[in-house]
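Chemist: First the structure, which I've put down as structure tokens, then a few questions once you've had a look.
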Amino acid sequence: MSVLFLFQSTHQVIKAEKTVKTMNCKYNVVPVPKSISPECGMALEVETSNVDQVETLLNENNIVFTIRK
Amino acid sequence: MPFEWNTYFDNGATSYPKPAEVARNVSFYLNEIGGNYGRGFSQRNFEVSRVVEELRFALAQMIGAKKDENVIFTQNATHAINIVLKGLNLEDKEVWISPLEHNAVMRPLEHLKERKNVSIKRLPCLKDGLVDVKQLPALRKDTGLVVVNHQSNVNGLIQPIEEIKRKIGPVPMLIDGAQSIGHETIDVNDLNEVYLAMTGHKGLLGPTGTGALYMYDPGAVDVFVDGGTGSVSESTGMPKFLPDRFEAGTPNIAGLFGLSAALEHRPAKNHEKSDFLEFVKELRKIAGYQVYCAEDLERQGELISINHSRLDSSSLGERLYREYQVETRVGLHCAPFAHQTLGTFPVGTVRLAPSIYHTGSDFERLLGILVEIDRTLK
């Protein structure tokens, strides 16, 4: 099972990926599903077991995000 | 280097050579990666976006900006300056300028003078164009902006931006860093209320068509170019957030790949500043030459202008090029206002602008050539 981390801008996605990369967890860069947003942008798909850890780290780095389960 | 010594002294116009990695990375993008910034999720688009964002971060670090999203990419320093001058609400306000401004500032201000009743005032200065901070009057509270050309593209003088900022208090300052960035240290965090216009192709050794703008208060600046950003596409209005608000349209990705490589592979300087200053001091001893530089060499950047009493600037520049393959730039350097301050308008000067690639012996060689030319004129 996984959840999606969504971001306002490409700037924030890249920052988030750089941050998550420092953790020992699997993630994927995926397109934002059209059911969520008409955006052509990117999102991070993270395993459910790592969500709390990722959320904490992103908050610590002042990266704005929303989570879609 | 095509010649046996570095004859290119026109780095004030654009730098040459560049680190080899610059062209390599531009080619890498064009031939092997492709893709766009922030438009799609594929590996190539992600890689492009990553390189652009890493570059933004590196530039922000370089200038001491705490928020890297406040650094936006532009075509050049002129573009960055226009964003600030035309984006701030300067209608019916005073704008103070330093005495050595370039047309990148003067022309947009002339536009604003005609259309928005902006009043242009010159900061008090000494003979070499150095802002005389002690003589600076108290500015009106509704002063719109103070604009300072950090390093002159005519005589290389470096303005005391920290002192000026302290004196003007909370009045915002726009720093034209076209010549200084890559050579001089700037800390926007220490300076507080500043906008900093930068170019990528001069001191930073990147490709032309690259530049950046740091904005301390982006909320005060109106959008300059509206268009697609790859974000909030459902709306016909521009995004409120940075950097997207000021980055409509596909950026110069090939150029930004080059600039990224230029920062990452910046070569060590081949000479000491004292080598350049020694060259200036020796040149000043030759009676036939008038050297335009800072009176206090502590305030001198690595760029000067010269004239000869018995040869006009065009002819001197031509002799340097035809007889010795030395490339300089003659004329007004797009800075008539600066030349008026220095008393060299409208005849102009010959500008000598080395880069970090020049060696001490390159300066000696150039000095020898200028001595030789002087002898032929006696």
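Letters A, B, ... mark the chains of the structure tokens in the order given; residue numbers begin at 1 per chain; ligand numbers begin at 1, in order shown.
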For the contact check between chain A and chain B, emit one row per residue of chain A within 6 Å, containing the shortest atom pair and the distance in Å rounded to one decimal, counting only C-alpha atoms, chain then rising number order, as a tab-separated table.

Modeler:
```
residue	atom	partner	partner_atom	distance
A:Thr10	CA	B:Gly38	CA	5.3
A:Ile14	CA	B:Arg50	CA	5.9
A:Val30	CA	B:Phe41	CA	5.9
A:Pro31	CA	B:Phe41	CA	5.2
A:Cys40	CA	B:Gly40	CA	5.3
A:Gly41	CA	B:Gly40	CA	5.3
A:Met42	CA	B:Phe41	CA	5.1
```

Chemist: Output C-alpha atoms of each residue in that selection to a file, as a compact mmCIF listing (two decimals), in the first residue's frame.

Modeler:
```
# COMPACT_ATOMS: atom_id res chain seq x y z
CA THR A 10 8.06 21.68 -9.31
CA ILE A 14 12.42 18.49 -6.33
CA VAL A 30 4.70 9.60 -10.45
CA PRO A 31 2.30 11.82 -12.40
CA CYS A 40 0.72 17.91 -15.57
CA GLY A 41 3.07 17.76 -12.59
CA MET A 42 4.83 15.20 -10.43
```

Chemist: Excluding range 139-146 of chain B and residues on its chain fewer than 3 positions from it, collect all residues at most 6 Å away from it, counting only C-alpha atoms, and give them as a list of chain:residue names.

Modeler: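 Listed by chain and then number, they are B:Leu90, B:Lys93, B:Glu94, B:Val95, B:Trp96, B:Ile97, B:Pro172, B:Met173.
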
Chemist: Env of range 326-333 of chain B: 7 Å cut, atoms = only C-alpha atoms, seq-sep filter 4 positions within chain, self excluded. Answer as a ChimeraX atom specification.

Modeler: /B:7-10,154,313-314,317,320-321,339,347-352

Chemist: For those residues, write N, CA, C and O atoms to a file as a CSV table (one decimal), in the first residue's frame.

Modeler:
```
chain,number,residue,atom,x,y,z
B,7,THR,N,44.6,37.0,-25.3
B,7,THR,CA,44.4,38.3,-25.9
B,7,THR,C,43.0,38.8,-25.7
B,7,THR,O,42.7,39.9,-26.2
B,8,TYR,N,42.1,38.0,-25.1
B,8,TYR,CA,40.7,38.4,-24.9
B,8,TYR,C,40.5,39.3,-23.7
B,8,TYR,O,40.5,38.7,-22.5
B,9,PHE,N,40.4,40.6,-23.8
B,9,PHE,CA,40.2,41.5,-22.7
B,9,PHE,C,38.8,42.1,-22.8
B,9,PHE,O,38.6,43.3,-22.5
B,10,ASP,N,37.8,41.4,-23.3
B,10,ASP,CA,36.5,41.9,-23.4
B,10,ASP,C,35.5,41.1,-22.6
B,10,ASP,O,34.3,40.9,-22.9
B,154,VAL,N,32.3,50.5,-16.8
B,154,VAL,CA,33.2,51.4,-17.5
B,154,VAL,C,34.6,51.6,-16.8
B,154,VAL,O,35.6,51.4,-17.4
B,313,SER,N,39.5,56.7,-29.0
B,313,SER,CA,39.3,55.4,-28.5
B,313,SER,C,39.1,54.3,-29.5
B,313,SER,O,39.6,53.2,-29.4
B,314,SER,N,38.4,54.7,-30.6
B,314,SER,CA,38.2,53.7,-31.7
B,314,SER,C,39.5,53.3,-32.3
B,314,SER,O,39.7,52.1,-32.6
B,317,GLY,N,41.5,51.2,-30.0
B,317,GLY,CA,41.0,49.8,-29.9
B,317,GLY,C,41.3,49.0,-31.2
B,317,GLY,O,41.6,47.8,-31.2
B,320,LEU,N,45.0,48.0,-31.2
B,320,LEU,CA,45.2,46.8,-30.3
B,320,LEU,C,44.8,45.5,-31.0
B,320,LEU,O,45.4,44.5,-30.9
B,321,TYR,N,43.7,45.6,-31.7
B,321,TYR,CA,43.1,44.4,-32.4
B,321,TYR,C,43.9,44.0,-33.7
B,321,TYR,O,44.3,42.9,-33.8
B,339,HIS,N,29.6,57.5,-18.5
B,339,HIS,CA,30.6,58.3,-19.2
B,339,HIS,C,30.4,59.8,-18.9
B,339,HIS,O,31.4,60.5,-18.8
B,347,VAL,N,32.9,60.8,-26.3
B,347,VAL,CA,34.0,60.1,-27.0
B,347,VAL,C,34.2,58.7,-26.6
B,347,VAL,O,34.6,57.8,-27.4
B,348,GLY,N,33.8,58.4,-25.3
B,348,GLY,CA,34.0,57.0,-24.9
B,348,GLY,C,35.4,56.6,-24.5
B,348,GLY,O,36.3,57.5,-24.4
B,349,THR,N,35.6,55.4,-24.3
B,349,THR,CA,37.0,54.9,-23.8
B,349,THR,C,37.2,53.5,-24.4
B,349,THR,O,36.4,52.9,-25.1
B,350,VAL,N,38.4,53.0,-24.2
B,350,VAL,CA,38.8,51.6,-24.5
B,350,VAL,C,38.7,50.8,-23.2
B,350,VAL,O,39.4,51.2,-22.2
B,351,ARG,N,37.9,49.8,-23.1
B,351,ARG,CA,37.7,49.1,-21.9
B,351,ARG,C,38.6,47.8,-21.9
B,351,ARG,O,38.6,47.1,-22.9
B,352,LEU,N,39.3,47.5,-20.8
B,352,LEU,CA,40.1,46.4,-20.6
B,352,LEU,C,39.5,45.5,-19.5
B,352,LEU,O,39.5,45.9,-18.4
```

Chemist: One decimal, in Å: what's the spacing between CA of Met23 in chain A and CA of Ile67 in chain A?

Modeler: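 Separation of CA of Met23 in chain A and CA of Ile67 in chain A: 18.3 Å.
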
Chemist: Record the distance separating CA of Glu101 in chain B and CA of Ile72 in chain B, expressed in Å with one decimal.

Modeler: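 CA of Ile72 in chain B lies 22.9 Å from CA of Glu101 in chain B.
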
Chemist: May I have the residues within 12 Å of Thr48 in chain A as a PyMOL selection string, using only C-alpha atoms and disregarding those fewer than 5 positions away in the same chain?

Modeler: chain A and resi 1-5+25-27+53-55+67-69

Chemist: Closest to Glu162 in chain B among B:Asn189, B:Phe73, B:Tyr214, B:Ser305, using only C-alpha atoms?

Modeler: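 Distance minimum relative to Glu162 in chain B lands on B:Asn189.
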
Chemist: Need to verify the contact set: Glu295 in chain B, 12 Å, only C-alpha atoms, exclusion of same-chain residues closer than 4 positions in sequence. Can you return it as a list in words?

Modeler: Leu126, Lys127, Asp128, Gly129, Leu130, Asn155, Gly156, Leu157, Ile158, Leu277, Val280, Lys281, Arg284, Val291, Arg299, Gln300, Gly301 and Ile304 of chain B

Chemist: Report the residues of range 154-337 of chain B whose backbone DSSP state falls under alpha helix (DSSP H), written as number ranges by chain.

Modeler: B: 161-168, 188-191, 253-264, 273-284, 313-324, 336-337

Chemist: Quick one: everything within 12 Å of Glu278 in chain B, counting only C-alpha atoms, minus sequence neighbours fewer than 2 positions away in the same chain. Send it as a ChimeraX atom specification.

Modeler: /B:271-276,280-285,297,300,302,360-361,363-364,367

Chemist: Name the residues in contact with Lys269 in chain B at a cut-off of 10 Å, using only C-alpha atoms, excluding same-chain residues fewer than 2 positions from it; report them as a list in words.

Modeler: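 In the requested format, the answer is Arg266, Pro267, His271, Glu272, Lys273, Ser355, Ile356, Tyr357, His358 and Thr359 of chain B.
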
Chemist: For the strand (DSSP E) assignment from backbone DSSP, which residues of range 24-134 of chain B qualify? Please present them as an MDAnalysis selection string.

Modeler: chainID B and resid 71:74 94:97 119:122
